[in-house]
Amino acid sequence: MDIATLKRLEKLNQLALTEEQEKAFLEFFSKKEKEAEALSEIDTENVERMVHVMPIMTVVREDKEIKNFTRDELQQSAPETTDGYWQVPRLVE
Amino acid sequence: MYITKNGVKTDKAIVLDDMILTKDMPTTAGSRMLEGYNSLFNATVVDKLTDAGYEIAGKANVGEFAIDVMGETSHFGAVKDDEGNLSLGSAEILKKEKVKAAIQLDVNGAPRRASAVSRLVFVKPTYGTVSRYGTVPVACSGETVGVMAKSANDCLEVLEVISGYDAKDGTSLPADMIEEAGEIKRVAVVTAFDGSIDDGVKADIDAFVKTLEAKGVAVEKIDGAGLLASKTAWNILMSAELCNNVSRYDGVKYGYRTSDYTTIDELYTNSRTEAFGDLLKTAILYGSETLSDENYMKVYDKALRVRRVTVDYFDSLFENYDAVLMPATSKKAYGEADVKDMAYEENLYTAPASITGLPAVVAEGVQLVGKVFSEKALLELVKLCKEGE
Amino acid sequence: MKYETVIGLEVHIELATESKIFCSCSAKFGGEQNDHVCPACAGMPGMLPIVNKRVVDLGMTAGMMLNCHINRTTTFDKKSYYYPDLPNAYQTTQWFAPVAVNGTVEIETSKGKKNVRIKQIHMEEDAGKLVHDDWTNTTLVDFNRTSVPLIEIVSQPDLSSAEEVVAYLERLRSLLRFAKVSDCRMEQGSMRCDVNLSVRPEGSDKLGIRTEMKNMNSISAITRAIEYEVARHIDAIENGTEELVQETRRWDDVKGKSYAMRNKETAGDYRYFPDPNVMPVVIDDEWYDGIKATLPEFPEVKRARYIDQLGLGEYDADQLVESRAFCDCFEEAYAVCGNAKEVANYLISDCMNLLNKKQMTVDMLTLEGKSLGELINLVTEGKVSRPNAKKILAVMFENDINPAEYAEKEGFIVSNDTGKIEKVIAEAIASDPKAVADFKGGKEKALMALFGKCMKELKGNCDPQTLREMLIDAVNKQ
């Protein structure tokens, strides 16, 4: 991974690393890349990917409205609200 | 008897690690991001415990989002034992206070490692048997709520209370899908990890093998090399899921917000950069990269397939054995220097059970991994080993 | 040079459910800001998504209505990006195995009939709403719409003009409203559309540079936006007025222009992966067949049947097939009374008036068809007069009543008691000798005053023809 890719990755994840952290990450990543390459030696040609470790079962609920929380409760730990809205800086579209 | 803050005397006191959400106590996940954060609801396990007459004694410190070796990345500082070695908050409270058990979210094996070095018992039950509703989500496909206690008996007692189907968790298993495993009579000892563990851990394994044999359990050495790939695969899955799960912490709705912003991107980036620790940042970036167009098939999808390969490998072992014995740690104790940059390494021993969702029990400094729904049988085996001591 | 336009559409449709897709908050349109919100749809940790079954029902229904193949195992995936209307910074959608794939929709334009291929239909959660406040230079966030269930219908690039796009959208709207998948109201945002458009020289097999346009909230705005965008593309190609780039543009209907959206360096990089908290939804035969059995006849099939078999006029049939609720009521009422024309009249004039008065849309009709049929029977059997039937209908609109019982209770049953009628006539004649004299003197209209008085006295419960005959008889006897 080059520094440009890392910078883009930081932006994508809304993080800003220091130069030192960037250096450490690049090292970490190249090590992980090698480990990931080692996985390719495992034959998974006819193996299905496994997202869920449990037996597949359909889990659905009935379409029923339940209200358990109030707006005031939900916004009690909000950094900034106005008239029941969460507030952020003006977006430019 | 334990006396709670409210003055209640109880022999049913429970500690929760700070990944378990509670309505009347803050839940921080060890992160500056959630400092002082109050959940609006209790985790299912909390309600189950209080309904059964248990008292919540308090919350215990964890590493940031519980992915580190043993709490060393907590924003609120690491916890040390009396010898100055690293420990987990729950383990120290258990050792020092008259509490029955600690409830922990086993994301990346930290509770298992802490139990091993503290000579406590920890059970990570089969994925889906204990509700994850109300736990801080990190690596949802494998993380499991478990119980740490001073004895297998206490683990059994509390596990019984917190287990059971929960309609609020879409991965919770209905009772009719659970078939408890039978008694453990044959144990395989994995040798593939021998090269990476210290003599103290080796001695613990040898001692446990002797006890098993003395109790009439058949023990056989196996290579177990099929378990070595779990670490890499789990690191990929855990990081990708973590990256996505902690993206919700952005300084907008709740939690930490930077004071240094004028645009929305500055608000996001500075809040996250200031509030998250180094390991978490590494995990986020790594996880994100495993999902890029370039890497998805090569890395992420591959790890999902290796997960199935590992499940199949365990199944093949379980044709001849009821449980697999392996280390939980490389060391008998961790100093601060021992854990630096080790979160993605020390999980070599815990990743096989994490990635497969299989039950694991740590006791006497060693780890037993069993077939699905064998957690009680594993704890019974530990009980048997302790009999007559 | 002549050009041809290549258009593919992504249509988002909010599903007609009571609750949201993964949590139990209300999915209704509107409400006080942030009132339909819980920790899950406010991006707080700890709650776990449980799929609303009705969303899958409606996703399947939409798929079947658009002739799609239904994926019997359908899965949910996470799509990550940061935006304040997305509280978790990920949207749960379907990337790997959408509920429906490979469909077709037949459209008709001035150039004839054409099939538009559907690539896929996927289920997903909506984003919240942002209110931009220029005064305070802030953006306000409302999560009421967050996690309201959507389907996204992705077409192949088979459309070539604004006219075709409009025909396609009208067709989707008609089919999905008919199947009760959604009310498809563009003005409320329950039907939204992104237009992917490119232009190339006629006959060329190479696609031009494609732009995606968002933010059109009416059919006419879509038409304007397409016309504008086609002209912009051609201008750029012919005159080099600007360099075309693949980008997302925002349509400003007031200014009549499209603008490039702030092009983030990371735009379009969503890092999809399967959601470990949502198990695959497996659609078994019972579920599949159950949904199949609820599919309505297509509107044009109904229309033809109403005209050919039930003898309705084209106008009446067109009016009825505008709304599934009207069709259902019509068919139920017809089954009871067997008088199609009469049922159609009550629905198209009287019920429509009542709905208009209440400012309700045709889809909001809740009238029981069976009761309407019974009411019509009472009228045709001469048991209730027409004016009284209208009064009863107004009550039926509000309450679930049995028309016969109600008519009986309220004294709306036509009296066959000739003694009573004779008595009322005698009183009317006695009270208005002038009218009697005028009628006898040849003023036919004078009878109306007497007739009205009698009818009022009888509360309308009298066959008008009978009353008229008896009245003339009585007056002539004077």
# chains A, B, ... in the order shown; residues from 1 in each chain; ligands from 1
$ interface_residues --of "chain B" --to "chain C" --cutoff "8 Å" --atoms "only C-alpha atoms" --output "CSV table (one decimal) with C-alpha atoms, in the first residue's frame"
chain,number,residue,atom,x,y,z
B,21,LEU,CA,-25.3,-1.8,27.8
B,40,LEU,CA,-31.7,3.9,26.9
B,43,ALA,CA,-29.0,-5.7,27.4
B,132,ARG,CA,-26.3,-10.2,22.0
B,133,TYR,CA,-29.1,-7.7,22.3
B,134,GLY,CA,-27.7,-4.7,24.1
B,135,THR,CA,-24.1,-5.4,23.6
B,136,VAL,CA,-21.8,-2.9,21.9
B,137,PRO,CA,-21.5,-4.4,18.4
B,140,CYS,CA,-21.1,-9.5,15.3
B,141,SER,CA,-20.5,-12.7,13.3
B,168,LYS,CA,-34.7,-9.2,19.7
B,169,ASP,CA,-31.6,-10.9,18.5
B,170,GLY,CA,-31.9,-12.2,14.9
B,171,THR,CA,-29.1,-14.7,15.5
B,244,ASN,CA,-18.5,-0.8,9.8
B,245,ASN,CA,-19.8,-1.0,13.4
B,247,SER,CA,-18.6,4.1,11.8
B,248,ARG,CA,-21.8,5.2,13.7
B,249,TYR,CA,-19.6,7.0,16.1
B,252,VAL,CA,-23.4,13.8,15.4
B,253,LYS,CA,-26.0,12.0,17.5
B,288,SER,CA,-12.0,-1.1,5.5
B,291,LEU,CA,-13.5,-4.7,1.7
B,292,SER,CA,-12.2,-2.6,-1.2
B,293,ASP,CA,-13.1,-3.7,-4.7
$ residues_around --residues "Thr58 in chain A" --least-positions-apart "4" --cutoff "12 Å" --atoms "only C-alpha atoms" --output "ChimeraX atom specification"
/A:54 /B:170-174 /C:50-53,56,72-75,278-284,287
$ write_last_selection --atoms "C-alpha atoms" --output "PDB file, in the first residue's frame"
ATOM      1  CA  MET A  54     -25.319 -21.031  12.736  1.00  0.00           C
TER       2      MET A  54
ATOM      3  CA  GLY B 170     -31.933 -12.211  14.924  1.00  0.00           C
ATOM      4  CA  THR B 171     -29.105 -14.694  15.476  1.00  0.00           C
ATOM      5  CA  SER B 172     -30.560 -16.101  18.694  1.00  0.00           C
ATOM      6  CA  LEU B 173     -31.268 -19.809  18.461  1.00  0.00           C
ATOM      7  CA  PRO B 174     -34.756 -21.079  19.338  1.00  0.00           C
TER       8      PRO B 174
ATOM      9  CA  ILE C  50     -34.979  -7.954  12.718  1.00  0.00           C
ATOM     10  CA  VAL C  51     -36.462  -8.010   9.208  1.00  0.00           C
ATOM     11  CA  ASN C  52     -40.075  -6.887   8.848  1.00  0.00           C
ATOM     12  CA  LYS C  53     -41.833  -9.791   7.086  1.00  0.00           C
ATOM     13  CA  VAL C  56     -40.289  -9.223   2.049  1.00  0.00           C
ATOM     14  CA  ARG C  72     -35.629 -17.975  -2.903  1.00  0.00           C
ATOM     15  CA  THR C  73     -32.706 -17.135  -0.640  1.00  0.00           C
ATOM     16  CA  THR C  74     -32.289 -13.417  -0.365  1.00  0.00           C
ATOM     17  CA  THR C  75     -29.673 -11.689   1.799  1.00  0.00           C
ATOM     18  CA  VAL C 278     -29.372 -10.495   9.456  1.00  0.00           C
ATOM     19  CA  MET C 279     -29.849 -14.136   8.569  1.00  0.00           C
ATOM     20  CA  PRO C 280     -30.624 -14.967   4.948  1.00  0.00           C
ATOM     21  CA  VAL C 281     -34.344 -14.924   4.284  1.00  0.00           C
ATOM     22  CA  VAL C 282     -35.375 -18.231   2.774  1.00  0.00           C
ATOM     23  CA  ILE C 283     -38.635 -18.071   0.848  1.00  0.00           C
ATOM     24  CA  ASP C 284     -40.251 -21.497   0.953  1.00  0.00           C
ATOM     25  CA  TRP C 287     -44.625 -18.315   1.430  1.00  0.00           C
TER      26      TRP C 287
END
$ interface_residues --of "chain B" --to "chain A" --cutoff "7 Å" --atoms "only C-alpha atoms" --output "mmCIF file with N, CA and C atoms, in the first residue's frame"
data_model
loop_
_atom_site.group_PDB
_atom_site.id
_atom_site.type_symbol
_atom_site.label_atom_id
_atom_site.label_comp_id
_atom_site.auth_asym_id
_atom_site.auth_seq_id
_atom_site.Cartn_x
_atom_site.Cartn_y
_atom_site.Cartn_z
ATOM 1 N N SER B 141 -20.369 -11.333 13.787
ATOM 2 C CA SER B 141 -20.497 -12.701 13.276
ATOM 3 C C SER B 141 -19.858 -13.719 14.212
ATOM 4 N N GLY B 170 -31.628 -11.401 16.107
ATOM 5 C CA GLY B 170 -31.933 -12.211 14.924
ATOM 6 C C GLY B 170 -31.016 -13.409 14.738
ATOM 7 N N ALA B 229 -4.797 -21.145 10.596
ATOM 8 C CA ALA B 229 -5.250 -20.092 9.679
ATOM 9 C C ALA B 229 -6.343 -19.208 10.294
ATOM 10 N N THR B 232 -5.560 -15.250 11.035
ATOM 11 C CA THR B 232 -5.591 -14.313 9.912
ATOM 12 C C THR B 232 -7.020 -14.091 9.422
ATOM 13 N N VAL B 252 -22.121 13.147 15.804
ATOM 14 C CA VAL B 252 -23.361 13.843 15.448
ATOM 15 C C VAL B 252 -24.482 13.590 16.449
ATOM 16 N N LYS B 253 -24.735 12.317 16.763
ATOM 17 C CA LYS B 253 -25.951 11.981 17.532
ATOM 18 C C LYS B 253 -25.742 11.964 19.034
ATOM 19 N N TYR B 254 -24.565 11.542 19.447
ATOM 20 C CA TYR B 254 -24.242 11.364 20.862
ATOM 21 C C TYR B 254 -22.740 11.170 20.929
ATOM 22 N N GLY B 255 -22.217 11.085 22.134
ATOM 23 C CA GLY B 255 -20.798 10.777 22.277
ATOM 24 C C GLY B 255 -19.905 11.984 22.014
ATOM 25 N N ARG B 257 -17.709 14.896 20.638
ATOM 26 C CA ARG B 257 -17.641 15.767 19.463
ATOM 27 C C ARG B 257 -16.467 16.725 19.623
ATOM 28 N N THR B 262 -15.485 23.305 11.285
ATOM 29 C CA THR B 262 -16.454 24.214 10.681
ATOM 30 C C THR B 262 -17.310 23.447 9.674
ATOM 31 N N THR B 263 -16.738 22.418 9.021
ATOM 32 C CA THR B 263 -17.520 21.656 8.043
ATOM 33 C C THR B 263 -17.896 20.310 8.647
ATOM 34 N N ILE B 264 -18.814 19.624 7.979
ATOM 35 C CA ILE B 264 -19.248 18.306 8.461
ATOM 36 C C ILE B 264 -18.082 17.320 8.429
ATOM 37 N N TYR B 268 -16.681 15.140 11.553
ATOM 38 C CA TYR B 268 -16.509 13.679 11.554
ATOM 39 C C TYR B 268 -15.060 13.305 11.860
ATOM 40 N N THR B 269 -14.167 13.817 11.012
ATOM 41 C CA THR B 269 -12.773 13.369 11.071
ATOM 42 C C THR B 269 -12.121 13.737 12.400
ATOM 43 N N ARG B 272 -13.562 11.673 15.414
ATOM 44 C CA ARG B 272 -13.103 10.287 15.413
ATOM 45 C C ARG B 272 -11.594 10.203 15.675
ATOM 46 N N THR B 273 -10.866 11.109 15.067
ATOM 47 C CA THR B 273 -9.416 11.077 15.242
ATOM 48 C C THR B 273 -9.033 11.367 16.687
ATOM 49 N N THR B 282 -6.118 1.560 13.591
ATOM 50 C CA THR B 282 -5.496 0.532 12.745
ATOM 51 C C THR B 282 -6.540 -0.486 12.297
ATOM 52 N N LEU B 285 -8.972 1.005 9.629
ATOM 53 C CA LEU B 285 -8.377 1.162 8.293
ATOM 54 C C LEU B 285 -8.114 -0.200 7.658
ATOM 55 N N VAL B 299 -9.416 -11.188 -0.225
ATOM 56 C CA VAL B 299 -9.168 -11.156 1.216
ATOM 57 C C VAL B 299 -10.434 -11.463 2.026
ATOM 58 N N ASP B 301 -13.720 -12.265 1.178
ATOM 59 C CA ASP B 301 -14.464 -13.451 0.788
ATOM 60 C C ASP B 301 -13.654 -14.719 1.091
ATOM 61 N N LEU B 304 -14.101 -15.617 4.635
ATOM 62 C CA LEU B 304 -15.396 -16.268 4.872
ATOM 63 C C LEU B 304 -15.345 -17.751 4.487
ATOM 64 N N ARG B 305 -14.573 -18.042 3.452
ATOM 65 C CA ARG B 305 -14.445 -19.450 3.036
ATOM 66 C C ARG B 305 -13.542 -20.227 3.993
ATOM 67 N N ARG B 307 -13.389 -19.612 7.038
ATOM 68 C CA ARG B 307 -14.247 -19.895 8.199
ATOM 69 C C ARG B 307 -14.933 -21.252 8.015
ATOM 70 N N ARG B 308 -15.475 -21.500 6.839
ATOM 71 C CA ARG B 308 -16.149 -22.784 6.625
ATOM 72 C C ARG B 308 -15.151 -23.946 6.663
ATOM 73 N N THR B 356 -15.474 -19.701 14.481
ATOM 74 C CA THR B 356 -16.427 -20.793 14.243
ATOM 75 C C THR B 356 -17.668 -20.703 15.117
ATOM 76 N N GLY B 357 -17.620 -19.864 16.154
ATOM 77 C CA GLY B 357 -18.767 -19.773 17.068
ATOM 78 C C GLY B 357 -18.867 -20.956 18.005
#
$ closest_residue --among "C:Glu10, C:Asp316, C:Asp57, C:Glu18" --to "Glu65 in chain A" --atoms "only C-alpha atoms"
C:Glu18
$ select_by_dssp --residues "range 166-259 of chain B" --states "strand (DSSP E)" --output "PyMOL selection string"
chain B and resi 186-190+218-222
$ closest_residue --among "C:Glu243, C:Glu342, C:Glu410, C:Glu212" --to "Val395 in chain C" --atoms "only C-alpha atoms"
C:Glu410
